[in-house]
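Below is start.pdb, holding PDB, C-alpha atoms.
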```pdb
ATOM      1  CA  ASP H   1       0.000   0.000   0.000
ATOM      2  CA  ASP H   2       2.873   2.373   0.780
ATOM      3  CA  MET H   3       4.452   1.466  -2.559
ATOM      4  CA  GLU H   4       1.152   2.277  -4.309
ATOM      5  CA  ASN H   5       1.104   5.693  -2.626
ATOM      6  CA  GLU H   6       4.721   6.318  -3.674
ATOM      7  CA  ARG H   7       4.021   5.418  -7.296
ATOM      8  CA  ALA H   8       0.845   7.476  -7.403
ATOM      9  CA  LEU H   9       2.742  10.503  -6.067
ATOM     10  CA  ASP H  10       5.559  10.039  -8.589
ATOM     11  CA  ALA H  11       3.019   9.826 -11.403
ATOM     12  CA  GLN H  12       1.294  12.972 -10.187
ATOM     13  CA  ILE H  13       4.587  14.874 -10.095
ATOM     14  CA  THR H  14       5.514  13.797 -13.626
ATOM     15  CA  GLY H  15       1.996  14.286 -14.991
ATOM     16  CA  LYS H  16       1.542  10.628 -15.882
ATOM     17  CA  ALA H  17      -1.436   8.379 -15.241
ATOM     18  CA  TYR H  18      -1.000   5.636 -12.630
ATOM     19  CA  GLN H  19      -2.943   2.396 -12.561
ATOM     20  CA  PRO H  20      -2.835   0.890  -9.039
ATOM     21  CA  VAL H  21      -1.887  -2.764  -8.670
ATOM     22  CA  PHE H  22      -4.831  -3.500  -6.331
ATOM     23  CA  GLU H  23      -8.482  -2.665  -6.737
ATOM     24  CA  ALA H  24      -9.597  -0.126  -4.125
ATOM     25  CA  GLN H  25     -11.432  -2.535  -1.790
ATOM     26  CA  TYR H  26      -8.358  -4.761  -1.474
ATOM     27  CA  ARG H  27      -5.887  -2.057  -0.535
ATOM     28  CA  TRP H  28      -4.602  -2.085   3.044
ATOM     29  CA  SER H  29      -5.885   1.424   3.743
ATOM     30  CA  GLU H  30      -9.378   0.356   2.690
ATOM     31  CA  TRP H  31      -9.985  -3.011   4.373
ATOM     32  CA  ALA H  32      -7.442  -3.098   7.219
ATOM     33  CA  VAL H  33      -7.535   0.439   8.629
ATOM     34  CA  PRO H  34     -10.320   2.443   6.918
ATOM     35  CA  LYS H  35     -10.397   6.144   7.760
ATOM     36  CA  THR H  36     -13.054   8.852   7.658
ATOM     37  CA  ALA H  37     -12.655  11.939   5.481
ATOM     38  CA  GLU H  38     -11.190  13.667   8.544
ATOM     39  CA  GLY H  39      -8.506  10.964   8.880
ATOM     40  CA  ARG H  40      -9.948   9.292  11.979
ATOM     41  CA  PRO H  41     -10.572   5.488  12.214
ATOM     42  CA  ASP H  42     -13.866   4.643  10.505
ATOM     43  CA  LEU H  43     -15.445   2.278  13.032
ATOM     44  CA  ASP H  44     -18.464   1.627  10.800
ATOM     45  CA  ARG H  45     -16.260   0.126   8.075
ATOM     46  CA  THR H  46     -13.691  -1.582  10.329
ATOM     47  CA  LEU H  47     -13.987  -5.370  10.100
ATOM     48  CA  ILE H  48     -13.624  -7.418  13.306
ATOM     49  CA  GLY H  49     -14.290 -10.957  14.509
ATOM     50  CA  ASN H  50     -15.740 -13.461  12.053
ATOM     51  CA  ASP H  51     -16.379 -10.741   9.461
ATOM     52  CA  LEU H  52     -12.647  -9.995   9.283
ATOM     53  CA  VAL H  53     -11.622 -13.672   9.020
ATOM     54  CA  ASP H  54     -14.276 -14.304   6.383
ATOM     55  CA  PHE H  55     -13.108 -11.341   4.286
ATOM     56  CA  VAL H  56      -9.434 -12.327   4.499
ATOM     57  CA  ASN H  57      -9.986 -16.022   3.742
ATOM     58  CA  ASN H  58     -12.764 -15.894   1.161
ATOM     59  CA  SER H  59     -12.235 -12.566  -0.556
ATOM     60  CA  LEU H  60      -8.789 -10.999  -0.045
ATOM     61  CA  MET H  61      -6.692 -14.173  -0.316
ATOM     62  CA  VAL H  62      -8.688 -15.386  -3.320
ATOM     63  CA  TYR H  63      -8.149 -12.029  -5.021
ATOM     64  CA  LEU H  64      -4.399 -12.024  -4.321
ATOM     65  CA  ARG H  65      -3.945 -15.610  -5.535
ATOM     66  CA  GLY H  66      -5.770 -14.682  -8.708
ATOM     67  CA  PHE H  67      -2.837 -12.535  -9.823
ATOM     68  CA  ALA H  68      -0.915 -15.734 -10.581
ATOM     69  CA  GLU H  69      -3.404 -16.430 -13.385
ATOM     70  CA  THR H  70      -4.310 -12.935 -14.577
ATOM     71  CA  ALA H  71      -0.887 -11.230 -14.647
ATOM     72  CA  THR H  72       0.179 -10.794 -18.279
ATOM     73  CA  ASN H  73       3.888 -10.546 -17.434
ATOM     74  CA  PRO H  74       5.226 -13.502 -15.390
ATOM     75  CA  ASN H  75       7.997 -11.310 -13.983
ATOM     76  CA  SER H  76       5.731  -8.452 -12.869
ATOM     77  CA  ILE H  77       5.032  -7.533  -9.249
ATOM     78  CA  GLU H  78       1.443  -8.707  -9.826
ATOM     79  CA  ALA H  79       2.619 -12.177 -10.840
ATOM     80  CA  LYS H  80       4.942 -12.407  -7.834
ATOM     81  CA  ILE H  81       2.120 -11.399  -5.469
ATOM     82  CA  GLY H  82      -0.013 -14.166  -6.948
ATOM     83  CA  GLN H  83       2.778 -16.720  -6.568
ATOM     84  CA  ILE H  84       3.409 -15.756  -2.941
ATOM     85  CA  PHE H  85      -0.231 -15.967  -1.876
ATOM     86  CA  THR H  86      -0.761 -19.222  -3.750
ATOM     87  CA  GLU H  87       1.720 -20.740  -1.274
ATOM     88  CA  VAL H  88       0.426 -19.254   2.003
ATOM     89  CA  ARG H  89      -2.722 -19.451   4.114
ATOM     90  CA  ASN H  90      -4.157 -17.280   6.872
ATOM     91  CA  LYS H  91      -3.341 -18.969  10.198
ATOM     92  CA  PHE H  92      -5.591 -16.673  12.274
ATOM     93  CA  GLY H  93      -8.875 -18.357  13.114
ATOM     94  CA  ASN H  94      -9.792 -15.770  15.746
ATOM     95  CA  GLY H  95     -10.863 -12.508  14.125
ATOM     96  CA  TYR H  96     -10.205 -10.454  17.260
ATOM     97  CA  MET H  97      -6.602 -11.639  17.434
ATOM     98  CA  LEU H  98      -6.268 -10.932  13.714
ATOM     99  CA  ARG H  99      -7.571  -7.394  14.296
ATOM    100  CA  GLU H 100      -4.911  -6.879  16.988
ATOM    101  CA  ALA H 101      -2.222  -8.078  14.568
ATOM    102  CA  VAL H 102      -3.505  -5.739  11.855
ATOM    103  CA  GLU H 103      -3.355  -2.773  14.222
ATOM    104  CA  LEU H 104       0.224  -3.616  15.212
ATOM    105  CA  ILE H 105       1.301  -4.004  11.578
ATOM    106  CA  ASP H 106      -0.310  -0.684  10.695
ATOM    107  CA  GLY H 107       1.950   0.971  13.253
ATOM    108  CA  LEU H 108       4.979   0.011  11.136
ATOM    109  CA  LYS H 109       5.972   2.538   8.489
ATOM    110  CA  PHE H 110       7.644   1.653   5.197
ATOM    111  CA  GLY H 111       7.658   5.063   3.506
ATOM    112  CA  THR H 112      11.337   6.044   3.697
ATOM    113  CA  GLN H 113      14.417   4.127   2.586
ATOM    114  CA  ASN H 114      15.571   3.816   6.208
ATOM    115  CA  GLN H 115      12.213   2.322   7.204
ATOM    116  CA  LYS H 116      12.406  -0.141   4.319
ATOM    117  CA  SER H 117      15.929  -1.101   5.373
ATOM    118  CA  GLU H 118      14.748  -1.675   8.934
ATOM    119  CA  LEU H 119      11.949  -3.902   7.669
ATOM    120  CA  SER H 120      14.275  -5.971   5.476
ATOM    121  CA  ASP H 121      16.746  -6.326   8.364
ATOM    122  CA  LEU H 122      13.912  -7.419  10.642
ATOM    123  CA  TYR H 123      12.819 -10.026   8.102
ATOM    124  CA  GLU H 124      16.381 -11.363   7.760
ATOM    125  CA  THR H 125      16.713 -11.570  11.544
ATOM    126  CA  ARG H 126      13.466 -13.575  11.829
ATOM    127  CA  ILE H 127      14.746 -16.093   9.261
ATOM    128  CA  LYS H 128      18.073 -16.403  11.069
ATOM    129  CA  ASN H 129      16.381 -16.862  14.457
ATOM    130  CA  MET H 130      14.140 -19.581  13.035
ATOM    131  CA  GLY H 131      17.297 -21.517  12.236
ATOM    132  CA  ASN H 132      18.891 -20.862  15.622
ATOM    133  CA  ALA H 133      15.735 -22.136  17.303
ATOM    134  CA  GLY H 134      15.858 -25.345  15.250
ATOM    135  CA  ARG H 135      12.864 -24.367  13.121
ATOM    136  CA  ASN H 136      12.647 -24.939   9.403
ATOM    137  CA  GLY H 137      13.382 -21.412   8.129
ATOM    138  CA  GLY H 138      17.032 -21.553   9.157
ATOM    139  CA  GLN H 139      18.001 -24.300   6.726
ATOM    140  CA  TYR H 140      17.545 -21.751   3.935
ATOM    141  CA  TYR H 141      19.694 -19.087   5.609
ATOM    142  CA  THR H 142      23.419 -18.675   4.854
ATOM    143  CA  PRO H 143      25.457 -16.468   7.257
ATOM    144  CA  ARG H 144      25.829 -13.026   5.720
ATOM    145  CA  PRO H 145      29.580 -12.582   6.454
ATOM    146  CA  LEU H 146      30.254 -15.721   4.389
ATOM    147  CA  ILE H 147      28.071 -14.507   1.524
ATOM    148  CA  LYS H 148      29.675 -11.055   1.507
ATOM    149  CA  SER H 149      33.173 -12.549   1.446
ATOM    150  CA  ILE H 150      32.354 -14.706  -1.566
ATOM    151  CA  ILE H 151      30.701 -11.801  -3.424
ATOM    152  CA  GLN H 152      33.730  -9.564  -2.869
ATOM    153  CA  VAL H 153      35.940 -12.242  -4.409
ATOM    154  CA  ILE H 154      33.601 -12.847  -7.365
ATOM    155  CA  ASN H 155      33.038  -9.084  -7.882
ATOM    156  CA  PRO H 156      29.844  -9.191 -10.007
ATOM    157  CA  LYS H 157      29.332  -6.276 -12.406
ATOM    158  CA  ILE H 158      26.269  -4.547 -13.817
ATOM    159  CA  GLY H 159      25.319  -6.132 -17.122
ATOM    160  CA  GLU H 160      26.216  -9.645 -15.965
ATOM    161  CA  THR H 161      23.575 -12.275 -15.231
ATOM    162  CA  ILE H 162      23.680 -13.799 -11.734
ATOM    163  CA  TYR H 163      22.103 -17.144 -10.862
ATOM    164  CA  ASP H 164      21.391 -19.216  -7.758
ATOM    165  CA  GLY H 165      19.948 -22.670  -8.394
ATOM    166  CA  ALA H 166      19.247 -23.232  -4.677
ATOM    167  CA  VAL H 167      17.819 -19.852  -3.702
ATOM    168  CA  GLY H 168      16.638 -20.533  -0.146
ATOM    169  CA  SER H 169      16.060 -17.143   1.502
ATOM    170  CA  ALA H 170      17.818 -15.470  -1.476
ATOM    171  CA  GLY H 171      20.745 -14.231   0.619
ATOM    172  CA  PHE H 172      23.279 -14.481  -2.206
ATOM    173  CA  LEU H 173      21.110 -12.580  -4.700
ATOM    174  CA  ILE H 174      20.190  -9.896  -2.155
ATOM    175  CA  GLU H 175      23.775  -9.295  -1.075
ATOM    176  CA  ALA H 176      24.902  -9.215  -4.724
ATOM    177  CA  TYR H 177      22.215  -6.617  -5.444
ATOM    178  CA  ASP H 178      23.361  -4.529  -2.494
ATOM    179  CA  TYR H 179      27.027  -4.849  -3.544
ATOM    180  CA  MET H 180      26.321  -3.846  -7.145
ATOM    181  CA  SER H 181      23.848  -1.061  -6.403
ATOM    182  CA  LYS H 182      26.303   0.642  -4.052
ATOM    183  CA  SER H 183      29.406   0.157  -6.180
ATOM    184  CA  LYS H 184      28.756   3.420  -8.059
ATOM    185  CA  SER H 185      26.062   5.931  -8.933
ATOM    186  CA  LEU H 186      23.697   4.111 -11.279
ATOM    187  CA  THR H 187      21.988   5.532 -14.321
ATOM    188  CA  THR H 188      18.269   4.890 -14.813
ATOM    189  CA  SER H 189      19.126   2.276 -17.461
ATOM    190  CA  GLU H 190      21.593   0.486 -15.178
ATOM    191  CA  LEU H 191      19.109   0.444 -12.312
ATOM    192  CA  LYS H 192      16.463  -1.052 -14.614
ATOM    193  CA  THR H 193      18.930  -3.714 -15.753
ATOM    194  CA  LEU H 194      19.803  -4.502 -12.138
ATOM    195  CA  GLN H 195      16.132  -4.774 -11.201
ATOM    196  CA  ASN H 196      14.860  -6.843 -14.131
ATOM    197  CA  LYS H 197      17.649  -8.552 -16.080
ATOM    198  CA  THR H 198      20.332  -9.486 -13.572
ATOM    199  CA  PHE H 199      19.164 -11.899 -10.864
ATOM    200  CA  TYR H 200      17.743 -15.356 -11.579
ATOM    201  CA  GLY H 201      17.066 -18.326  -9.359
ATOM    202  CA  ILE H 202      15.246 -21.573  -8.690
ATOM    203  CA  GLU H 203      13.898 -22.994  -5.427
ATOM    204  CA  LYS H 204      12.250 -26.359  -4.850
ATOM    205  CA  ILE H 205      10.712 -25.990  -1.372
ATOM    206  CA  SER H 206       7.456 -24.049  -1.006
ATOM    207  CA  LEU H 207       8.350 -22.273   2.259
ATOM    208  CA  ALA H 208      11.810 -21.284   1.038
ATOM    209  CA  TYR H 209      10.379 -20.057  -2.261
ATOM    210  CA  VAL H 210       7.964 -17.683  -0.501
ATOM    211  CA  ILE H 211      10.634 -16.525   1.988
ATOM    212  CA  GLY H 212      13.090 -15.830  -0.843
ATOM    213  CA  LEU H 213      10.564 -13.957  -2.983
ATOM    214  CA  MET H 214       9.446 -11.766  -0.094
ATOM    215  CA  ASN H 215      13.027 -11.163   1.006
ATOM    216  CA  MET H 216      14.030  -9.897  -2.444
ATOM    217  CA  ILE H 217      10.965  -7.658  -2.703
ATOM    218  CA  LEU H 218      11.631  -6.176   0.741
ATOM    219  CA  HIS H 219      15.238  -5.476  -0.228
ATOM    220  CA  GLY H 220      14.177  -3.484  -3.288
ATOM    221  CA  ILE H 221      14.033  -6.077  -6.089
ATOM    222  CA  GLU H 222      10.344  -5.676  -6.855
ATOM    223  CA  SER H 223       9.984  -8.380  -9.524
ATOM    224  CA  PRO H 224      12.359 -11.265  -8.693
ATOM    225  CA  ASN H 225      13.089 -13.708 -11.518
ATOM    226  CA  ILE H 226      12.662 -16.686  -9.193
ATOM    227  CA  ILE H 227      10.741 -19.806 -10.162
ATOM    228  CA  ARG H 228       9.634 -22.747  -8.055
ATOM    229  CA  LYS H 229      10.839 -26.126  -9.315
ATOM    230  CA  ASN H 230      13.506 -28.726  -8.690
ATOM    231  CA  THR H 231      16.711 -27.491 -10.338
ATOM    232  CA  LEU H 232      18.047 -31.023 -10.566
ATOM    233  CA  GLU H 233      15.133 -32.242 -12.690
ATOM    234  CA  ASP H 234      16.739 -30.636 -15.749
ATOM    235  CA  ASN H 235      19.120 -32.846 -17.724
ATOM    236  CA  ILE H 236      22.338 -30.849 -17.811
ATOM    237  CA  GLN H 237      23.117 -32.132 -21.315
ATOM    238  CA  GLU H 238      20.158 -30.060 -22.538
ATOM    239  CA  ILE H 239      21.501 -26.766 -21.175
ATOM    240  CA  GLN H 240      22.233 -24.528 -24.176
ATOM    241  CA  ASN H 241      24.413 -21.457 -24.498
ATOM    242  CA  LYS H 242      21.380 -19.154 -24.233
ATOM    243  CA  ASP H 243      20.665 -20.694 -20.810
ATOM    244  CA  ARG H 244      24.108 -19.942 -19.393
ATOM    245  CA  VAL H 245      24.966 -17.126 -16.986
ATOM    246  CA  ASP H 246      27.971 -14.951 -16.143
ATOM    247  CA  VAL H 247      28.002 -15.512 -12.372
ATOM    248  CA  ILE H 248      26.742 -18.272 -10.084
ATOM    249  CA  LEU H 249      26.424 -17.743  -6.323
ATOM    250  CA  ALA H 250      24.932 -20.528  -4.229
ATOM    251  CA  ASN H 251      24.885 -22.636  -1.090
ATOM    252  CA  PRO H 252      23.294 -25.874  -2.323
ATOM    253  CA  PRO H 253      21.820 -28.408   0.126
ATOM    254  CA  PHE H 254      24.133 -31.161   1.380
ATOM    255  CA  GLY H 255      23.234 -34.763   2.033
ATOM    256  CA  GLY H 256      22.165 -37.880   0.185
ATOM    257  CA  LYS H 257      19.029 -39.873  -0.559
ATOM    258  CA  THR H 258      16.903 -36.749  -1.093
ATOM    259  CA  GLU H 259      16.778 -37.157  -4.871
ATOM    260  CA  LYS H 260      15.335 -40.188  -6.640
ATOM    261  CA  LYS H 261      17.276 -42.377  -9.053
ATOM    262  CA  HIS H 262      15.761 -40.789 -12.156
ATOM    263  CA  ILE H 263      17.103 -37.394 -11.006
ATOM    264  CA  GLN H 264      20.627 -38.783 -10.721
ATOM    265  CA  GLU H 265      20.372 -39.968 -14.327
ATOM    266  CA  ASN H 266      20.429 -36.320 -15.445
ATOM    267  CA  PHE H 267      24.124 -36.107 -14.555
ATOM    268  CA  PRO H 268      27.237 -37.799 -16.015
ATOM    269  CA  ILE H 269      28.688 -38.309 -12.525
ATOM    270  CA  ARG H 270      25.939 -40.115 -10.651
ATOM    271  CA  THR H 271      25.801 -39.765  -6.900
ATOM    272  CA  SER H 272      23.298 -39.519  -4.078
ATOM    273  CA  GLU H 273      25.133 -36.471  -2.663
ATOM    274  CA  THR H 274      22.848 -33.567  -3.563
ATOM    275  CA  SER H 275      25.556 -30.895  -3.476
ATOM    276  CA  TYR H 276      27.612 -32.842  -6.051
ATOM    277  CA  LEU H 277      24.641 -32.891  -8.418
ATOM    278  CA  PHE H 278      24.260 -29.145  -7.976
ATOM    279  CA  LEU H 279      27.963 -28.628  -8.629
ATOM    280  CA  GLN H 280      27.677 -30.460 -11.960
ATOM    281  CA  HIS H 281      24.648 -28.331 -12.834
ATOM    282  CA  PHE H 282      26.575 -25.141 -12.001
ATOM    283  CA  ILE H 283      29.583 -26.132 -14.133
ATOM    284  CA  LYS H 284      27.292 -26.698 -17.129
ATOM    285  CA  LYS H 285      25.257 -23.538 -16.434
ATOM    286  CA  LEU H 286      28.269 -21.194 -16.422
ATOM    287  CA  LYS H 287      29.326 -19.236 -19.506
ATOM    288  CA  VAL H 288      32.879 -19.535 -20.788
ATOM    289  CA  GLY H 289      34.868 -17.063 -18.711
ATOM    290  CA  GLY H 290      32.154 -16.959 -16.043
ATOM    291  CA  ARG H 291      32.733 -16.981 -12.304
ATOM    292  CA  CYS H 292      31.221 -19.164  -9.628
ATOM    293  CA  GLY H 293      31.218 -18.929  -5.835
ATOM    294  CA  VAL H 294      29.690 -21.998  -4.165
ATOM    295  CA  VAL H 295      29.658 -23.308  -0.614
ATOM    296  CA  ILE H 296      30.596 -27.005  -0.600
ATOM    297  CA  LYS H 297      30.957 -29.543   2.220
ATOM    298  CA  ASN H 298      34.376 -29.661   3.880
ATOM    299  CA  THR H 299      35.060 -33.319   2.954
ATOM    300  CA  PHE H 300      34.964 -32.579  -0.777
ATOM    301  CA  LEU H 301      38.770 -32.446  -1.121
ATOM    302  CA  SER H 302      39.468 -35.541   0.968
ATOM    303  CA  ASN H 303      36.739 -38.006  -0.075
ATOM    304  CA  THR H 304      38.019 -40.915  -2.193
ATOM    305  CA  ASP H 305      34.709 -42.172  -3.598
ATOM    306  CA  ASN H 306      34.338 -42.193  -7.399
ATOM    307  CA  ALA H 307      31.949 -39.214  -7.480
ATOM    308  CA  SER H 308      34.251 -36.961  -5.433
ATOM    309  CA  VAL H 309      37.339 -37.899  -7.422
ATOM    310  CA  GLY H 310      35.525 -37.519 -10.753
ATOM    311  CA  LEU H 311      34.075 -34.147  -9.816
ATOM    312  CA  ARG H 312      37.419 -32.772  -8.622
ATOM    313  CA  LYS H 313      38.969 -33.891 -11.908
ATOM    314  CA  GLN H 314      36.199 -32.189 -13.898
ATOM    315  CA  LEU H 315      36.664 -28.941 -11.980
ATOM    316  CA  LEU H 316      40.424 -28.951 -12.603
ATOM    317  CA  GLU H 317      39.911 -29.658 -16.318
ATOM    318  CA  GLU H 318      37.140 -27.131 -16.982
ATOM    319  CA  CYS H 319      37.922 -24.219 -14.638
ATOM    320  CA  ASN H 320      40.685 -21.698 -15.316
ATOM    321  CA  LEU H 321      40.890 -20.904 -11.616
ATOM    322  CA  PHE H 322      39.646 -23.177  -8.848
ATOM    323  CA  ALA H 323      40.069 -21.960  -5.259
ATOM    324  CA  ILE H 324      38.925 -23.482  -1.988
ATOM    325  CA  LEU H 325      38.161 -21.245   0.993
ATOM    326  CA  ASP H 326      38.489 -23.432   4.087
ATOM    327  CA  LEU H 327      36.679 -21.764   6.982
ATOM    328  CA  PRO H 328      37.020 -22.745  10.659
ATOM    329  CA  GLY H 329      34.366 -25.289  11.509
ATOM    330  CA  GLY H 330      34.123 -26.639   7.945
TER     331      GLY H 330
END
```

Once more with this new file: its structure as structure tokens, please.
Amino acid sequence: DDMENERALDAQITGKAYQPVFEAQYRWSEWAVPKTAEGRPDLDRTLIGNDLVDFVNNSLMVYLRGFAETATNPNSIEAKIGQIFTEVRNKFGNGYMLREAVELIDGLKFGTQNQKSELSDLYETRIKNMGNAGRNGGQYYTPRPLIKSIIQVINPKIGETIYDGAVGSAGFLIEAYDYMSKSKSLTTSELKTLQNKTFYGIEKISLAYVIGLMNMILHGIESPNIIRKNTLEDNIQEIQNKDRVDVILANPPFGGKTEKKHIQENFPIRTSETSYLFLQHFIKKLKVGGRCGVVIKNTFLSNTDNASVGLRKQLLEECNLFAILDLPGG
């Protein structure tokens, strides 16, 4: 809703027409916190109790999910809103508790850049704390100091395409965006390229997909080029030059027995170790002269199984520069 107000104001200043993303009755200022003409809370139009739950479940959420089907551009903010709300459900069954939550949320302000930064930092902290508490959000979170170190080494540049085939909470893409957007003063064309034609990713897990999408939007990438599917389902022999990217940044999942046998058949070096399958995908996905920064398990250099040996040999044969950063603790 704050973004709608910003865009409407910009359009007014420049004398252009602005078509809001949401119909009036589905905007936050209309259904969540309606006001009178004098700017006071409109108690007659304020939904509470069962009326509020019914509106959210059977009207608002249906409307938001509908964007996934009606959006003409799959990379638009409308399409991303539809994809997000296709994956989530309202967990509030008590309309009075939901009203309290709405009032608290309305107290947060997202109008200035500092407020947006605070919100994105808050979101990142929640994801991190989920992991520290042993809950499922943390498995998609990579420590930011590690990500920043890798990005500084890779040094992505505006005009290059950047890809993460195991997006998770989108930490690599977000930090790369921050690194590139602050590297110099950007022209309008460069900013548009950074927003729309730079960052690409794939995520298999529903929760991680929604977390990653929202995280990118909150950090300023309004239309993330992220799709939900299993990266490893694609046969790497079918990857063409048009599919390749300049930079790959990723922390793929480790462990075996998570992918079925037919998935392993998509790779010349067959293994049940998921990260090794991802590594083969990344090698094939990278353009000639491209750069790749990937977190890999700390036994990769010492394992003597056929897959580890074969993959190390492939890396040495196909990469001009292959460096291992060995961090304390693995």

| said: Using all atoms listed in the file, can you tell me which of H:Phe55, H:Tyr123, H:Phe67, H:Phe172 comes closest to Pro143 in chain H? | reply: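 Checking each candidate against Pro143 in chain H, we get H:Phe172 as the closest.
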
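Take the PyMOL selection byres ((chain H and resi 87-92) around 9) and apply it to this file: it picks H:Val53, H:Val56, H:Asn57, H:Met61, H:Arg65, H:Gly82, H:Gln83, H:Ile84, H:Phe85, H:Thr86, H:Gly93, H:Asn94, H:Gly95, H:Met97, H:Leu98, H:Ser206, H:Leu207, H:Tyr209, H:Val210.
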
| request: Might you pull out every residue within 12 Å of range 185-195 of chain H, with only C-alpha atoms counted and same-chain residues fewer than 6 positions away left off, and present them as a PyMOL selection string? | output: chain H and resi 75-77+156-162+173-174+176-179+216-217+219-225

| message | Can you translate the PyMOL selection byres ((chain H and resi 274) around 9) into the concrete residues it hits in this file, as a PyMOL selection string? | response | chain H and resi 232+252-259+271-273+275-279

| field | Point (33.6, -18.5, -19.9), cut-off 12 Å, counting all atoms listed in the file, residues as a VMD selection string | value | chain H and resid 241 244 to 248 283 to 292 318 to 321

| request: To verify the selection step, state as a PyMOL selection string which residues the PyMOL selection byres ((chain H and resi 104-111) around 10) yields on this input. | output: chain H and resi 1-3+5-6+28-29+32-33+98-103+112-119+218

| task | Grab the CA of Leu249 in chain H to CA of Val294 in chain H distance for me, in Å with one decimal place. | result |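 Here the two named atoms are 5.8 Å from each other.
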
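If you look at CA of Ile269 in chain H and CA of Asn306 in chain H, they are 8.6 Å away from each other.
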
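Between CA of Thr231 in chain H and CA of Ala166 in chain H the interatomic distance comes to 7.5 Å.
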